$ cat upload_25.txt   # compact mmCIF, C-alpha atoms
# COMPACT_ATOMS: atom_id res chain seq x y z
CA MET A 40 -26.75 -28.52 40.44
CA LYS A 41 -23.27 -27.63 39.30
CA GLU A 42 -23.16 -25.33 36.30
CA ILE A 43 -21.20 -26.76 33.39
CA SER A 44 -19.06 -24.27 31.48
CA PRO A 45 -18.99 -24.60 27.68
CA PRO A 46 -15.78 -26.11 26.33
CA ARG A 47 -13.11 -23.62 25.30
CA PRO A 48 -12.19 -23.67 21.61
CA PRO A 49 -8.76 -24.98 20.71
CA ASP A 50 -6.05 -22.32 20.54
CA ASP A 51 -5.17 -23.25 16.98
CA LEU A 52 -8.57 -22.26 15.55
CA PRO A 53 -8.54 -19.27 13.18
CA HIS A 54 -9.43 -15.92 14.73
CA ARG A 55 -10.81 -12.73 13.22
CA ARG A 56 -7.94 -10.24 13.12
CA LEU A 57 -6.98 -6.96 11.51
CA CYS A 58 -4.40 -7.35 8.72
CA LEU A 59 -2.21 -4.64 7.25
CA ALA A 60 0.29 -4.48 4.41
CA ALA A 61 2.62 -1.56 3.65
CA ASP A 62 4.54 -1.63 0.36
CA VAL A 63 7.28 0.75 -0.83
CA GLU A 64 6.61 2.27 -4.24
CA GLN A 65 9.25 1.72 -6.97
CA TYR A 66 11.54 -0.14 -4.59
CA SER A 67 13.06 -2.31 -7.33
CA ARG A 68 14.59 0.74 -9.02
CA LEU A 69 16.87 1.38 -6.04
CA ASP A 70 20.38 0.03 -5.67
CA THR A 71 21.18 -2.53 -2.96
CA ARG A 72 22.54 -0.05 -0.44
CA THR A 73 19.56 2.25 -0.82
CA GLN A 74 17.13 -0.67 -0.59
CA SER A 75 18.65 -1.63 2.75
CA ALA A 76 18.32 1.94 4.03
CA VAL A 77 14.72 2.20 2.83
CA GLN A 78 13.79 -1.04 4.59
CA SER A 79 15.14 0.36 7.85
CA GLU A 80 13.27 3.62 7.28
CA LEU A 81 10.03 1.74 6.60
CA VAL A 82 10.25 -0.16 9.89
CA ARG A 83 11.22 3.00 11.81
CA THR A 84 8.37 5.01 10.31
CA LEU A 85 5.78 2.32 11.09
CA ASP A 86 7.15 2.06 14.64
CA GLU A 87 6.89 5.82 15.14
CA ALA A 88 3.35 6.06 13.76
CA ALA A 89 2.22 3.16 15.96
CA ALA A 90 3.82 4.69 19.08
CA LEU A 91 2.14 8.06 18.42
CA THR A 92 -1.19 6.22 18.07
CA GLY A 93 -0.72 4.21 21.24
CA LEU A 94 -0.39 0.88 19.42
CA ASP A 95 2.12 -1.72 20.58
CA ARG A 96 4.09 -2.79 17.52
CA ALA A 97 5.85 -5.44 19.59
CA ALA A 98 2.53 -7.28 19.76
CA TRP A 99 2.07 -7.30 15.97
CA THR A 100 2.84 -10.53 14.17
CA ARG A 101 5.01 -9.17 11.39
CA GLN A 102 6.06 -10.88 8.18
CA PRO A 103 8.73 -8.80 6.39
CA GLN A 104 9.00 -9.28 2.63
CA GLY A 105 11.76 -6.89 1.59
CA ASP A 106 9.95 -3.79 0.35
CA LEU A 107 6.71 -4.87 2.05
CA GLU A 108 5.67 -5.59 5.60
CA PHE A 109 2.60 -7.71 6.24
CA ALA A 110 1.29 -7.65 9.80
CA VAL A 111 -1.48 -9.33 11.78
CA LEU A 112 -2.55 -7.13 14.67
CA PRO A 113 -3.74 -8.34 18.10
CA GLU A 114 -7.43 -9.13 18.46
CA ALA A 115 -7.99 -6.22 20.84
CA THR A 116 -6.64 -3.62 18.40
CA PRO A 117 -9.21 -0.82 17.88
CA GLU A 118 -9.85 -0.75 14.14
CA HIS A 119 -10.78 2.93 14.12
CA ALA A 120 -7.39 3.79 15.66
CA VAL A 121 -5.59 2.10 12.76
CA LEU A 122 -7.75 3.67 10.04
CA GLY A 123 -7.75 7.10 11.67
CA PRO A 124 -4.84 8.21 13.91
CA PHE A 125 -2.34 5.60 12.71
CA VAL A 126 -2.82 6.54 9.05
CA HIS A 127 -2.61 10.23 9.97
CA HIS A 128 0.64 9.83 11.92
CA LEU A 129 2.11 7.61 9.21
CA ALA A 130 1.42 10.24 6.54
CA VAL A 131 2.92 13.00 8.72
CA ARG A 132 6.03 10.98 9.56
CA LEU A 133 6.56 10.11 5.89
CA GLY A 134 6.18 13.76 4.92
CA ASP A 135 8.66 14.90 7.58
CA ARG A 136 11.16 12.24 6.58
CA ASN A 137 10.90 12.96 2.87
CA ALA A 138 11.37 16.69 3.49
CA ARG A 139 14.87 16.10 4.86
CA PRO A 140 17.68 17.24 2.53
CA ALA A 141 19.17 14.46 0.41
CA ALA A 142 16.72 11.88 1.82
CA GLN A 143 15.70 9.04 -0.48
CA ARG A 144 11.98 9.56 -0.84
CA VAL A 145 9.81 6.77 0.55
CA ARG A 146 6.24 6.48 -0.75
CA LEU A 147 3.88 3.80 0.51
CA ARG A 148 0.82 1.89 -0.60
CA MET A 149 -1.07 0.48 2.36
CA ALA A 150 -3.98 -1.98 2.53
CA VAL A 151 -6.10 -2.93 5.54
CA ASP A 152 -8.73 -5.63 5.95
CA THR A 153 -10.22 -7.73 8.72
CA GLY A 154 -11.17 -11.39 8.65
CA VAL A 155 -10.24 -14.94 9.48
CA VAL A 156 -6.51 -15.53 10.02
CA ALA A 157 -4.75 -18.78 10.91
CA ASP A 158 -1.09 -19.49 11.53
CA ALA A 159 0.51 -21.48 8.72
CA ALA A 160 3.88 -22.99 7.83
CA LEU A 161 4.91 -20.02 5.67
CA GLY A 162 3.19 -17.29 7.69
CA HIS A 163 -0.56 -16.95 7.71
CA ALA A 164 -3.59 -18.40 5.92
CA GLY A 165 -7.13 -17.17 5.54
CA PRO A 166 -9.27 -14.75 3.55
CA ALA A 167 -7.92 -11.56 5.16
CA PRO A 168 -4.23 -12.14 4.38
CA VAL A 169 -5.13 -13.02 0.79
CA ALA A 170 -7.35 -9.96 0.41
CA VAL A 171 -4.73 -7.58 1.84
CA ALA A 172 -2.11 -8.94 -0.57
CA ARG A 173 -4.46 -8.30 -3.49
CA TYR A 174 -5.60 -4.86 -2.31
CA VAL A 175 -2.06 -3.53 -1.82
CA ASN A 176 -1.23 -4.54 -5.41
CA ALA A 177 -4.44 -3.19 -6.91
CA PRO A 178 -3.78 -1.34 -10.20
CA GLN A 179 -6.08 1.46 -9.01
CA LEU A 180 -4.00 2.06 -5.89
CA LYS A 181 -0.77 2.06 -7.90
CA THR A 182 -2.24 4.48 -10.44
CA VAL A 183 -3.47 6.86 -7.74
CA LEU A 184 -0.05 7.06 -6.10
CA ALA A 185 1.72 7.39 -9.46
CA THR A 186 -0.64 10.18 -10.56
CA LEU A 187 -0.70 12.17 -7.32
CA THR A 188 3.04 12.77 -7.27
CA ALA A 189 2.94 14.98 -4.16
CA ALA A 190 1.42 12.18 -2.07
CA ASP A 191 3.58 10.02 0.18
CA LEU A 192 0.85 7.56 1.16
CA ALA A 193 -2.17 5.96 -0.49
CA VAL A 194 -4.44 3.72 1.59
CA ILE A 195 -7.08 1.21 0.55
CA VAL A 196 -9.45 -0.43 3.02
CA SER A 197 -11.82 -3.29 2.38
CA ASP A 198 -15.51 -2.70 1.82
CA ARG A 199 -16.15 -4.54 5.09
CA LEU A 200 -14.02 -2.08 7.09
CA TYR A 201 -15.47 0.89 5.27
CA GLN A 202 -19.05 -0.14 6.02
CA ASP A 203 -18.43 -1.28 9.60
CA VAL A 204 -15.81 1.19 10.82
CA VAL A 205 -15.36 4.21 8.54
CA ARG A 206 -19.10 4.86 8.41
CA SER A 207 -19.49 4.42 12.18
CA GLY A 208 -19.71 8.18 12.74
CA ARG A 209 -16.43 8.64 14.62
CA LEU A 210 -15.00 12.15 14.40
CA ASP A 211 -11.57 10.93 13.26
CA LEU A 212 -13.03 9.04 10.27
CA ASP A 213 -14.69 10.84 7.37
CA PRO A 214 -16.40 8.50 4.87
CA ALA A 215 -16.45 11.29 2.27
CA GLN A 216 -12.64 11.14 2.04
CA TYR A 217 -12.75 7.63 0.57
CA VAL A 218 -13.38 6.74 -3.07
CA ARG A 219 -14.70 3.32 -4.07
CA ALA A 220 -12.84 1.15 -6.58
CA HIS A 221 -13.56 -2.31 -7.92
CA VAL A 222 -10.41 -4.41 -7.52
CA GLN A 223 -9.74 -7.50 -9.62
CA VAL A 224 -6.32 -9.08 -8.98
CA LYS A 225 -5.71 -12.74 -9.87
CA GLU A 226 -8.58 -14.78 -8.41
CA PHE A 227 -9.70 -12.00 -6.08
CA GLY A 228 -12.53 -9.61 -6.84
CA GLY A 229 -14.06 -7.06 -4.50
CA TYR A 230 -14.61 -3.41 -3.69
CA GLY A 231 -12.06 -1.33 -1.84
CA TRP A 232 -12.09 2.29 -0.67
CA ILE A 233 -9.10 4.50 -1.40
CA ARG A 234 -7.98 7.49 0.62
CA VAL A 235 -4.93 9.68 0.05
CA PRO A 236 -4.10 11.82 3.11
CA GLY A 237 -3.67 15.45 2.13
CA HIS A 238 -5.59 15.08 -1.12
CA ALA A 239 -9.25 15.71 -1.84
CA PRO A 240 -11.52 12.85 -2.98
CA ASP A 241 -11.94 14.57 -6.35
CA ASP A 242 -8.17 14.28 -6.87
CA VAL A 243 -8.43 10.55 -6.20
CA ARG A 244 -11.37 10.20 -8.59
CA SER A 245 -9.47 12.00 -11.33
CA ALA A 246 -6.49 9.69 -10.79
CA LEU A 247 -8.75 6.63 -10.83
CA ALA A 248 -10.07 7.69 -14.20
CA GLU A 249 -6.62 6.86 -15.59
CA ALA A 250 -6.51 3.38 -14.01
CA PRO A 251 -7.04 0.37 -16.30
CA GLU A 252 -10.43 -1.31 -16.13
CA PRO A 253 -10.41 -4.55 -14.11
CA LYS A 254 -10.20 -7.56 -16.39
CA PRO A 255 -13.05 -10.05 -16.00
CA SER A 256 -12.14 -13.54 -14.84
CA PRO A 257 -12.02 -16.24 -17.57
CA ASP A 258 -15.34 -17.73 -16.44
CA ALA A 259 -17.10 -14.38 -16.09
CA GLY A 260 -19.59 -15.36 -18.78
CA ALA A 261 -20.60 -18.61 -17.12
CA PRO A 262 -23.92 -18.57 -15.28
CA SER A 263 -23.67 -18.75 -11.51
CA ARG A 264 -25.67 -17.94 -8.42
CA THR A 265 -23.31 -15.09 -7.51
CA THR A 266 -20.01 -13.76 -8.77
CA LEU A 267 -17.38 -15.40 -6.56
CA SER A 268 -13.61 -15.41 -6.28
CA GLN A 269 -12.79 -18.71 -4.60
CA TYR A 270 -9.81 -20.67 -3.43
CA VAL A 271 -9.68 -23.92 -1.49
CA HIS A 272 -8.28 -24.01 2.05
CA GLN A 273 -8.23 -27.30 4.00
CA GLY A 274 -10.99 -28.76 1.87
CA ALA A 275 -13.29 -25.75 2.09
CA ALA A 276 -13.83 -23.07 -0.52
CA VAL A 277 -13.25 -19.55 0.70
CA GLY A 278 -14.57 -16.81 -1.54
CA ARG A 279 -15.37 -13.12 -1.66
CA ASP A 280 -18.01 -11.67 -3.93
CA VAL A 281 -17.77 -8.34 -5.71
CA VAL A 282 -19.63 -6.52 -2.94
CA GLY A 283 -17.16 -7.66 -0.31
CA GLY A 284 -19.19 -10.54 1.13
CA LEU A 285 -17.34 -13.58 2.42
CA THR A 286 -18.30 -17.20 1.97
CA VAL A 287 -16.73 -20.27 3.52
CA GLY A 288 -17.97 -23.73 2.58
CA LEU A 289 -18.11 -26.13 -0.30
CA PRO A 290 -17.32 -24.76 -3.78
CA VAL A 291 -20.37 -23.37 -5.53
CA PRO A 292 -20.71 -24.94 -8.97
CA PRO A 293 -22.61 -23.10 -11.68
CA PRO A 294 -26.11 -24.45 -12.31
CA GLN A 295 -26.40 -27.07 -15.03
CA ALA A 296 -27.55 -25.76 -18.38
CA SER A 297 -30.97 -27.07 -19.35
CA SER A 298 -31.85 -28.23 -22.84
CA GLY A 299 -35.56 -27.67 -22.33
CA PRO A 300 -38.04 -25.70 -20.26
CA ALA A 301 -38.01 -26.19 -16.51
CA ARG A 302 -40.67 -28.48 -15.14
$ encode --input "upload_25.txt" --output "structure tokens"
Amino acid sequence: MKEISPPRPPDDLPHRRLCLAADVEQYSRLDTRTQSAVQSELVRTLDEAAALTGLDRAAWTRQPQGDLEFAVLPEATPEHAVLGPFVHHLAVRLGDRNARPAAQRVRLRMAVDTGVVADAALGHAGPAPVAVARYVNAPQLKTVLATLTAADLAVIVSDRLYQDVVRSGRLDLDPAQYVRAHVQVKEFGGYGWIRVPGHAPDDVRSALAEAPEPKPSPDAGAPSRTTLSQYVHQGAAVGRDVVGGLTVGLPVPPPQASSGPAR
């Protein structure tokens, strides 16, 4: 009897990919000529760090946004290599560059997450691209970089990556170097883990103490089965709870209030 192979999924289905965003700090304060130079330096520095790590930047799907580059990495990219060696080389290259005489200092906030990604008309859609955009703009990450003035790079990774990759026991990843922060930006809420290369975790904690408390969402007081940040994508609600869990399905309405005892 001839064995029947299972059908292959369509190529346009979303795939789980690693997403990364790198944003230049205080870019808007620069004049036009300097902004152009800084953009070139950002791309060059990311290229150099990737090459030193053995990552092929030509295979990254990159979406430049002026002072920020958002990238979706190939499915085969080793996540530990991005969180470990790539971050290390990026910090070193930034430090070397900024030490040059008369160089315009470039300081970066970087966010990394993994999750469902689909191609879309304006770039990419899915929970991971949304989460990375929120993480890189987290007030806690901005406060840490603003407070630790000697730092050139501050990195935040999602709770999912921290639990699955950072805590995997690899020698190039030390969970103790990361400090947890609850991020609430727009409709997104979740935990992230912040690391500043060259600075001790206690320095990060002290800086976080100066960060504003996350503002609760307008419906925070409404009863619900779990605290969700949701948005609708192609008729399905995609949400992330405050412990980093991901849900995809129909929107979850809050339970109806009862005027009497349950029967």
$ closest_atom_pairs --input "upload_25.txt" --of "segment 130-187 of chain A" --to "segment 66-69 of chain A" --cutoff "12 Å" --atoms "all atoms listed in the file" --output "Markdown table"
| residue | atom | partner | partner_atom | distance |
| --- | --- | --- | --- | --- |
| A:Gln143 | CA | A:Leu69 | CA | 9.5 |
| A:Arg144 | CA | A:Tyr66 | CA | 10.4 |
| A:Val145 | CA | A:Tyr66 | CA | 8.8 |
| A:Arg146 | CA | A:Tyr66 | CA | 9.3 |
| A:Leu147 | CA | A:Tyr66 | CA | 10.0 |
| A:Arg148 | CA | A:Tyr66 | CA | 11.6 |
$ atom_distance --input "upload_25.txt" --atom1 "atom CA of Thr73 of chain A" --atom2 "atom CA of Ala185 of chain A"
20.5 Å
$ closest_residue --input "upload_25.txt" --among "A:Arg199, A:Lys181, A:Arg234, A:Arg56" --to "Gln216 of chain A" --atoms "all atoms listed in the file"
A:Arg234
$ closest_residue --input "upload_25.txt" --among "A:Gly208, A:Ala190, A:Val224, A:Ala60" --to "Gln104 of chain A" --atoms "all atoms listed in the file"
A:Ala60
$ closest_residue --input "upload_25.txt" --among "A:Tyr201, A:Trp99, A:Tyr217, A:Phe125" --to "Thr153 of chain A" --atoms "only C-alpha atoms"
A:Tyr201
$ residues_around --input "upload_25.txt" --residues "segment 136-140 of chain A" --least-positions-apart "4" --cutoff "12 Å" --atoms "all atoms listed in the file" --output "PDB file with C-alpha atoms, in the frame of the given file"
ATOM      1  CA  VAL A  77      14.720   2.200   2.830  1.00  0.00           C
ATOM      2  CA  GLU A  80      13.270   3.620   7.280  1.00  0.00           C
ATOM      3  CA  LEU A  81      10.030   1.740   6.600  1.00  0.00           C
ATOM      4  CA  ARG A  83      11.220   3.000  11.810  1.00  0.00           C
ATOM      5  CA  THR A  84       8.370   5.010  10.310  1.00  0.00           C
ATOM      6  CA  GLU A  87       6.890   5.820  15.140  1.00  0.00           C
ATOM      7  CA  LEU A 129       2.110   7.610   9.210  1.00  0.00           C
ATOM      8  CA  ALA A 130       1.420  10.240   6.540  1.00  0.00           C
ATOM      9  CA  VAL A 131       2.920  13.000   8.720  1.00  0.00           C
ATOM     10  CA  ARG A 132       6.030  10.980   9.560  1.00  0.00           C
ATOM     11  CA  ARG A 144      11.980   9.560  -0.840  1.00  0.00           C
ATOM     12  CA  VAL A 145       9.810   6.770   0.550  1.00  0.00           C
ATOM     13  CA  ARG A 146       6.240   6.480  -0.750  1.00  0.00           C
ATOM     14  CA  LEU A 147       3.880   3.800   0.510  1.00  0.00           C
ATOM     15  CA  ALA A 189       2.940  14.980  -4.160  1.00  0.00           C
ATOM     16  CA  ALA A 190       1.420  12.180  -2.070  1.00  0.00           C
ATOM     17  CA  ASP A 191       3.580  10.020   0.180  1.00  0.00           C
ATOM     18  CA  LEU A 192       0.850   7.560   1.160  1.00  0.00           C
TER      19      LEU A 192
END
$ residues_around --input "upload_25.txt" --residues "Ala170 of chain A" --least-positions-apart "2" --cutoff "9 Å" --atoms "all atoms listed in the file" --output "JSON, numbers by chain"
{"A": [150, 151, 152, 165, 166, 167, 168, 172, 173, 174, 175, 197, 227, 228, 229, 279]}
$ closest_residue --input "upload_25.txt" --among "A:Gln202, A:Gln74, A:Ser207, A:Gln223" --to "Leu180 of chain A" --atoms "only C-alpha atoms"
A:Gln223
$ residues_near_point --input "upload_25.txt" --point "(-13.6, -2.9, 10.2)" --cutoff "6 Å" --atoms "all atoms listed in the file" --output "list in words"
Glu118, Arg199, Leu200, Asp203 and Val204 of chain A
$ atom_distance --input "upload_25.txt" --atom1 "atom CA of Val235 of chain A" --atom2 "atom CA of Val194 of chain A"
6.2 Å
$ closest_residue --input "upload_25.txt" --among "A:Ala98, A:Ala220, A:Pro103, A:Asp135" --to "Ala250 of chain A" --atoms "all atoms listed in the file"
A:Ala220
$ closest_residue --input "upload_25.txt" --among "A:Asp106, A:Pro124, A:Lys225, A:Ala248" --to "Leu91 of chain A" --atoms "only C-alpha atoms"
A:Pro124
$ residues_around --input "upload_25.txt" --residues "Leu94 of chain A" --least-positions-apart "4" --cutoff "10 Å" --atoms "all atoms listed in the file" --output "compact mmCIF listing (two decimals) with C-alpha atoms, in the coordinates of the input"
# COMPACT_ATOMS: atom_id res chain seq x y z
CA ASP A 86 7.15 2.06 14.64
CA GLU A 87 6.89 5.82 15.14
CA ALA A 88 3.35 6.06 13.76
CA ALA A 89 2.22 3.16 15.96
CA ALA A 90 3.82 4.69 19.08
CA ALA A 98 2.53 -7.28 19.76
CA TRP A 99 2.07 -7.30 15.97
CA LEU A 112 -2.55 -7.13 14.67
CA PRO A 113 -3.74 -8.34 18.10
CA THR A 116 -6.64 -3.62 18.40
CA PRO A 117 -9.21 -0.82 17.88
CA ALA A 120 -7.39 3.79 15.66
CA VAL A 121 -5.59 2.10 12.76
CA PHE A 125 -2.34 5.60 12.71
$ atom_distance --input "upload_25.txt" --atom1 "atom CA of Arg96 of chain A" --atom2 "atom CA of Ala141 of chain A"
28.6 Å
